[in-house]
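Participant: Structure provided below as structure tokens; questions to follow.
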Amino acid sequence: MPRLWEKHTVHALYHNPPVTESKSQFSLADVRDFAAMQSIFRSFKPELVLHLAGITAVSHALALTEKDVHDINVKASGSLAALCAEHGAKMIYASTDLVYNGSAGGNLREDAPLNPLSLYASTKLEGEAAVQAACDDYLILRIALMYGFSKGKLKAFFQEAYNKIKNGEEVVLFRDQYRSSLLVNDGARMLTELTGLMENGRNIPHKFLNFGSGERTSRAELFLKFVRRAGLDEAAVVLKSFRELPNLPQVEDVSLDISRLLSCGVAPLSVDESIDVVVRELEKGF
């Protein structure tokens, strides 16, 4: 968000109050409340909508009813897209790399087979369809696993794993489940760059973009890089196969080909560079 404030007039929508002071206008509302969304569109008149709201992880979806997850990830996405069409606004919709078939091999292009294996991923794919059906001027980002430290209320696996090691606990991570994981700070920069391209009328000749680091790593490999660089206790990291937990979605490899993203002039940091950023944040107390 701070990157967007620098060059854009931003109206942020929160379901809960922001945890840091916001330099933007903001509203507290539920994306399922169409009347509230309609009122915000009419008063603010957006030119571009970044639709980042939703149930954002497999575990979060399991904590809710299927109807709630569908209403948030699918129905609300379609409603927002329809409002974008009505008001002439462009939309960027945040989907997930988990829409792909994780057993088809990695380095996946945007036209790779789709086969979501969880309620979370299937509703994000349905959300893609709802956006496509409701408006024409959209960009769908299939976002890789995000990592790093968060100042918000939700903590990703990376921060939870760090907190466990800091407290002297073991951390169990999969050694054989592959993604193109992206540092959240770098993802924010890249998203800001794409926003600028769309706002300035630059042609992005794609409706779908893989949005990740472009490097194939397991959670274990990624976190161990951080542990070694930060001088933490490597012995506290326990490696397992995701197949040892058959009740979890059996997603093997959704590492991404990001050629389309690079062709737009948007390039991620390398994993090593990103880990350096995380370690510096840790040293500063993030």
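Labeling convention for the structure tokens: chains A, B, ... as they appear, residues from 1 per chain, ligands from 1 in order of appearance.
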I'd like the contact shell of Cys264 in chain A - 9 Å cut-off, only C-alpha atoms, skipping same-chain residues fewer than 2 positions apart - returned as a list in words.
Facilitator: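 In the requested format, the answer is Leu194, Leu197, Asn203, Ile204, Pro205, Ser259, Arg260, Leu261, Leu262, Val266 and Ala267 of chain A.
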Participant: Residues at most 8 Å from Ser255 in chain A, counting only C-alpha atoms, excluding those fewer than 6 positions away in the same chain, as number ranges by chain?
Facilitator: A: 106-108, 178-180, 214-217
Participant: Provide the CA of Asn101 in chain A to CA of Gln177 in chain A distance in Å, to one decimal place.
Facilitator: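 The value is 12.7 Å.
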Participant: If you run DSSP on the backbone, which residues of range 145-246 of chain A are alpha helix (DSSP H), as a PyMOL selection string?
Facilitator: chain A and resi 157-166+184-199+219-230
Participant: Please dump the current selection as a PDB file, in the first residue's frame; keep C-alpha atoms.
Facilitator:
ATOM      1  CA  PHE A 157       3.968 -20.040   7.193  1.00  0.00           C
ATOM      2  CA  PHE A 158       7.350 -18.298   7.095  1.00  0.00           C
ATOM      3  CA  GLN A 159       6.683 -16.056  10.082  1.00  0.00           C
ATOM      4  CA  GLU A 160       4.995 -18.855  12.023  1.00  0.00           C
ATOM      5  CA  ALA A 161       8.030 -21.064  11.399  1.00  0.00           C
ATOM      6  CA  TYR A 162      10.383 -18.307  12.554  1.00  0.00           C
ATOM      7  CA  ASN A 163       8.342 -17.754  15.729  1.00  0.00           C
ATOM      8  CA  LYS A 164       8.579 -21.471  16.545  1.00  0.00           C
ATOM      9  CA  ILE A 165      12.358 -21.563  16.125  1.00  0.00           C
ATOM     10  CA  LYS A 166      12.699 -18.404  18.213  1.00  0.00           C
ATOM     11  CA  VAL A 184       5.773 -10.209   0.010  1.00  0.00           C
ATOM     12  CA  ASN A 185       7.774  -6.951  -0.163  1.00  0.00           C
ATOM     13  CA  ASP A 186       8.861  -7.760  -3.700  1.00  0.00           C
ATOM     14  CA  GLY A 187       5.347  -8.794  -4.668  1.00  0.00           C
ATOM     15  CA  ALA A 188       4.089  -5.379  -3.528  1.00  0.00           C
ATOM     16  CA  ARG A 189       6.686  -3.656  -5.695  1.00  0.00           C
ATOM     17  CA  MET A 190       5.823  -5.793  -8.715  1.00  0.00           C
ATOM     18  CA  LEU A 191       2.090  -5.222  -8.228  1.00  0.00           C
ATOM     19  CA  THR A 192       2.690  -1.473  -8.073  1.00  0.00           C
ATOM     20  CA  GLU A 193       4.603  -1.660 -11.359  1.00  0.00           C
ATOM     21  CA  LEU A 194       1.769  -3.547 -13.046  1.00  0.00           C
ATOM     22  CA  THR A 195      -0.721  -1.037 -11.660  1.00  0.00           C
ATOM     23  CA  GLY A 196       1.304   1.778 -13.205  1.00  0.00           C
ATOM     24  CA  LEU A 197       1.371   0.041 -16.583  1.00  0.00           C
ATOM     25  CA  MET A 198      -2.409  -0.429 -16.590  1.00  0.00           C
ATOM     26  CA  GLU A 199      -3.153   3.070 -15.326  1.00  0.00           C
ATOM     27  CA  ARG A 219       9.168 -24.578   1.659  1.00  0.00           C
ATOM     28  CA  ALA A 220      11.939 -26.474   3.410  1.00  0.00           C
ATOM     29  CA  GLU A 221      14.636 -25.299   0.991  1.00  0.00           C
ATOM     30  CA  LEU A 222      13.408 -21.715   1.172  1.00  0.00           C
ATOM     31  CA  PHE A 223      13.198 -21.578   4.959  1.00  0.00           C
ATOM     32  CA  LEU A 224      16.543 -23.335   5.437  1.00  0.00           C
ATOM     33  CA  LYS A 225      18.203 -20.644   3.293  1.00  0.00           C
ATOM     34  CA  PHE A 226      16.828 -18.095   5.732  1.00  0.00           C
ATOM     35  CA  VAL A 227      17.800 -20.120   8.815  1.00  0.00           C
ATOM     36  CA  ARG A 228      21.407 -20.452   7.647  1.00  0.00           C
ATOM     37  CA  ARG A 229      21.687 -16.800   6.617  1.00  0.00           C
ATOM     38  CA  ALA A 230      20.183 -15.614   9.916  1.00  0.00           C
TER      39      ALA A 230
END
Participant: Find, counting only C-alpha atoms, the residue in A:Ser274, A:Asn200, A:Ser241, A:Ser263 that gets nearest to Ser213 in chain A.
Facilitator: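 So, comparing all the options, the nearest one is A:Ser274.
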Participant: Point out the residue among A:Phe211, A:Phe149, A:Leu256, A:Leu245 with the least atom-to-atom distance to Val279 in chain A, counting only C-alpha atoms.
Facilitator: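 Looking at the shortest contact to Val279 in chain A, the residue is A:Phe149.
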Participant: Pick the closest to Val31 in chain A from A:Glu244, A:Asp68, A:Asp176, A:Glu283: which is it, counting only C-alpha atoms?
Facilitator: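 Of all the options, A:Asp68 lies closest to Val31 in chain A.
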Participant: Which one is closest to Leu139 in chain A: A:Ser95, A:Ser270, A:Ser103, A:Ser79? Count only C-alpha atoms.
Facilitator: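 For Leu139 in chain A, the nearest of the candidates is A:Ser95.
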Participant: Skipping near chain neighbours, those fewer than 6 positions away, what residues fall within 12 Å of Lys207 in chain A using only C-alpha atoms, listed as a PyMOL selection string?
Facilitator: chain A and resi 90-93+110-111+128-129+131-132+135-142+198+260-261
Participant: Write out, as a PDB file, in the first residue's frame, the residues just selected, with N, CA and C atoms.
Facilitator:
ATOM      1  N   LYS A  90     -10.746  -0.560 -14.529  1.00  0.00           N
ATOM      2  CA  LYS A  90      -9.993  -1.784 -14.778  1.00  0.00           C
ATOM      3  C   LYS A  90      -9.889  -2.576 -13.486  1.00  0.00           C
ATOM      4  N   MET A  91      -9.638  -3.879 -13.609  1.00  0.00           N
ATOM      5  CA  MET A  91      -9.522  -4.714 -12.415  1.00  0.00           C
ATOM      6  C   MET A  91      -8.292  -5.599 -12.485  1.00  0.00           C
ATOM      7  N   ILE A  92      -7.588  -5.697 -11.358  1.00  0.00           N
ATOM      8  CA  ILE A  92      -6.560  -6.721 -11.164  1.00  0.00           C
ATOM      9  C   ILE A  92      -7.083  -7.655 -10.088  1.00  0.00           C
ATOM     10  N   TYR A  93      -7.203  -8.931 -10.429  1.00  0.00           N
ATOM     11  CA  TYR A  93      -7.759  -9.931  -9.516  1.00  0.00           C
ATOM     12  C   TYR A  93      -6.654 -10.881  -9.054  1.00  0.00           C
ATOM     13  N   GLU A 110       0.791 -20.287 -18.221  1.00  0.00           N
ATOM     14  CA  GLU A 110      -0.583 -19.903 -17.900  1.00  0.00           C
ATOM     15  C   GLU A 110      -1.633 -20.788 -18.565  1.00  0.00           C
ATOM     16  N   ASP A 111      -1.260 -21.509 -19.618  1.00  0.00           N
ATOM     17  CA  ASP A 111      -2.217 -22.402 -20.271  1.00  0.00           C
ATOM     18  C   ASP A 111      -2.063 -23.853 -19.812  1.00  0.00           C
ATOM     19  N   GLU A 128     -11.997 -16.441 -10.790  1.00  0.00           N
ATOM     20  CA  GLU A 128     -11.459 -16.046 -12.093  1.00  0.00           C
ATOM     21  C   GLU A 128     -12.576 -16.022 -13.138  1.00  0.00           C
ATOM     22  N   ALA A 129     -13.367 -17.082 -13.153  1.00  0.00           N
ATOM     23  CA  ALA A 129     -14.455 -17.181 -14.136  1.00  0.00           C
ATOM     24  C   ALA A 129     -15.489 -16.079 -13.921  1.00  0.00           C
ATOM     25  N   VAL A 131     -14.977 -13.093 -12.675  1.00  0.00           N
ATOM     26  CA  VAL A 131     -14.408 -11.831 -13.149  1.00  0.00           C
ATOM     27  C   VAL A 131     -14.487 -11.759 -14.668  1.00  0.00           C
ATOM     28  N   GLN A 132     -14.119 -12.848 -15.342  1.00  0.00           N
ATOM     29  CA  GLN A 132     -14.157 -12.883 -16.811  1.00  0.00           C
ATOM     30  C   GLN A 132     -15.566 -12.662 -17.347  1.00  0.00           C
ATOM     31  N   CYS A 135     -16.695  -8.567 -16.588  1.00  0.00           N
ATOM     32  CA  CYS A 135     -16.046  -7.383 -17.153  1.00  0.00           C
ATOM     33  C   CYS A 135     -15.019  -7.801 -18.206  1.00  0.00           C
ATOM     34  N   ASP A 136     -14.603  -6.845 -19.002  1.00  0.00           N
ATOM     35  CA  ASP A 136     -13.656  -7.118 -20.091  1.00  0.00           C
ATOM     36  C   ASP A 136     -12.247  -6.635 -19.796  1.00  0.00           C
ATOM     37  N   ASP A 137     -12.117  -5.580 -18.991  1.00  0.00           N
ATOM     38  CA  ASP A 137     -10.809  -4.958 -18.774  1.00  0.00           C
ATOM     39  C   ASP A 137     -10.228  -5.438 -17.448  1.00  0.00           C
ATOM     40  N   TYR A 138      -9.663  -6.631 -17.453  1.00  0.00           N
ATOM     41  CA  TYR A 138      -9.166  -7.241 -16.228  1.00  0.00           C
ATOM     42  C   TYR A 138      -7.795  -7.863 -16.463  1.00  0.00           C
ATOM     43  N   LEU A 139      -7.088  -8.092 -15.365  1.00  0.00           N
ATOM     44  CA  LEU A 139      -5.843  -8.838 -15.363  1.00  0.00           C
ATOM     45  C   LEU A 139      -5.891  -9.787 -14.179  1.00  0.00           C
ATOM     46  N   ILE A 140      -5.709 -11.073 -14.436  1.00  0.00           N
ATOM     47  CA  ILE A 140      -5.756 -12.078 -13.377  1.00  0.00           C
ATOM     48  C   ILE A 140      -4.333 -12.537 -13.083  1.00  0.00           C
ATOM     49  N   LEU A 141      -3.940 -12.413 -11.822  1.00  0.00           N
ATOM     50  CA  LEU A 141      -2.607 -12.818 -11.379  1.00  0.00           C
ATOM     51  C   LEU A 141      -2.708 -14.133 -10.615  1.00  0.00           C
ATOM     52  N   ARG A 142      -2.010 -15.141 -11.078  1.00  0.00           N
ATOM     53  CA  ARG A 142      -1.938 -16.408 -10.343  1.00  0.00           C
ATOM     54  C   ARG A 142      -0.706 -16.347  -9.460  1.00  0.00           C
ATOM     55  N   MET A 198      -0.994  -0.440 -16.224  1.00  0.00           N
ATOM     56  CA  MET A 198      -2.409  -0.429 -16.590  1.00  0.00           C
ATOM     57  C   MET A 198      -2.993   0.971 -16.510  1.00  0.00           C
ATOM     58  N   ARG A 260       5.753 -14.442 -19.296  1.00  0.00           N
ATOM     59  CA  ARG A 260       4.804 -13.365 -19.620  1.00  0.00           C
ATOM     60  C   ARG A 260       5.032 -12.155 -18.714  1.00  0.00           C
ATOM     61  N   LEU A 261       5.215 -12.410 -17.436  1.00  0.00           N
ATOM     62  CA  LEU A 261       5.452 -11.325 -16.485  1.00  0.00           C
ATOM     63  C   LEU A 261       6.716 -10.552 -16.857  1.00  0.00           C
TER      64      LEU A 261
END
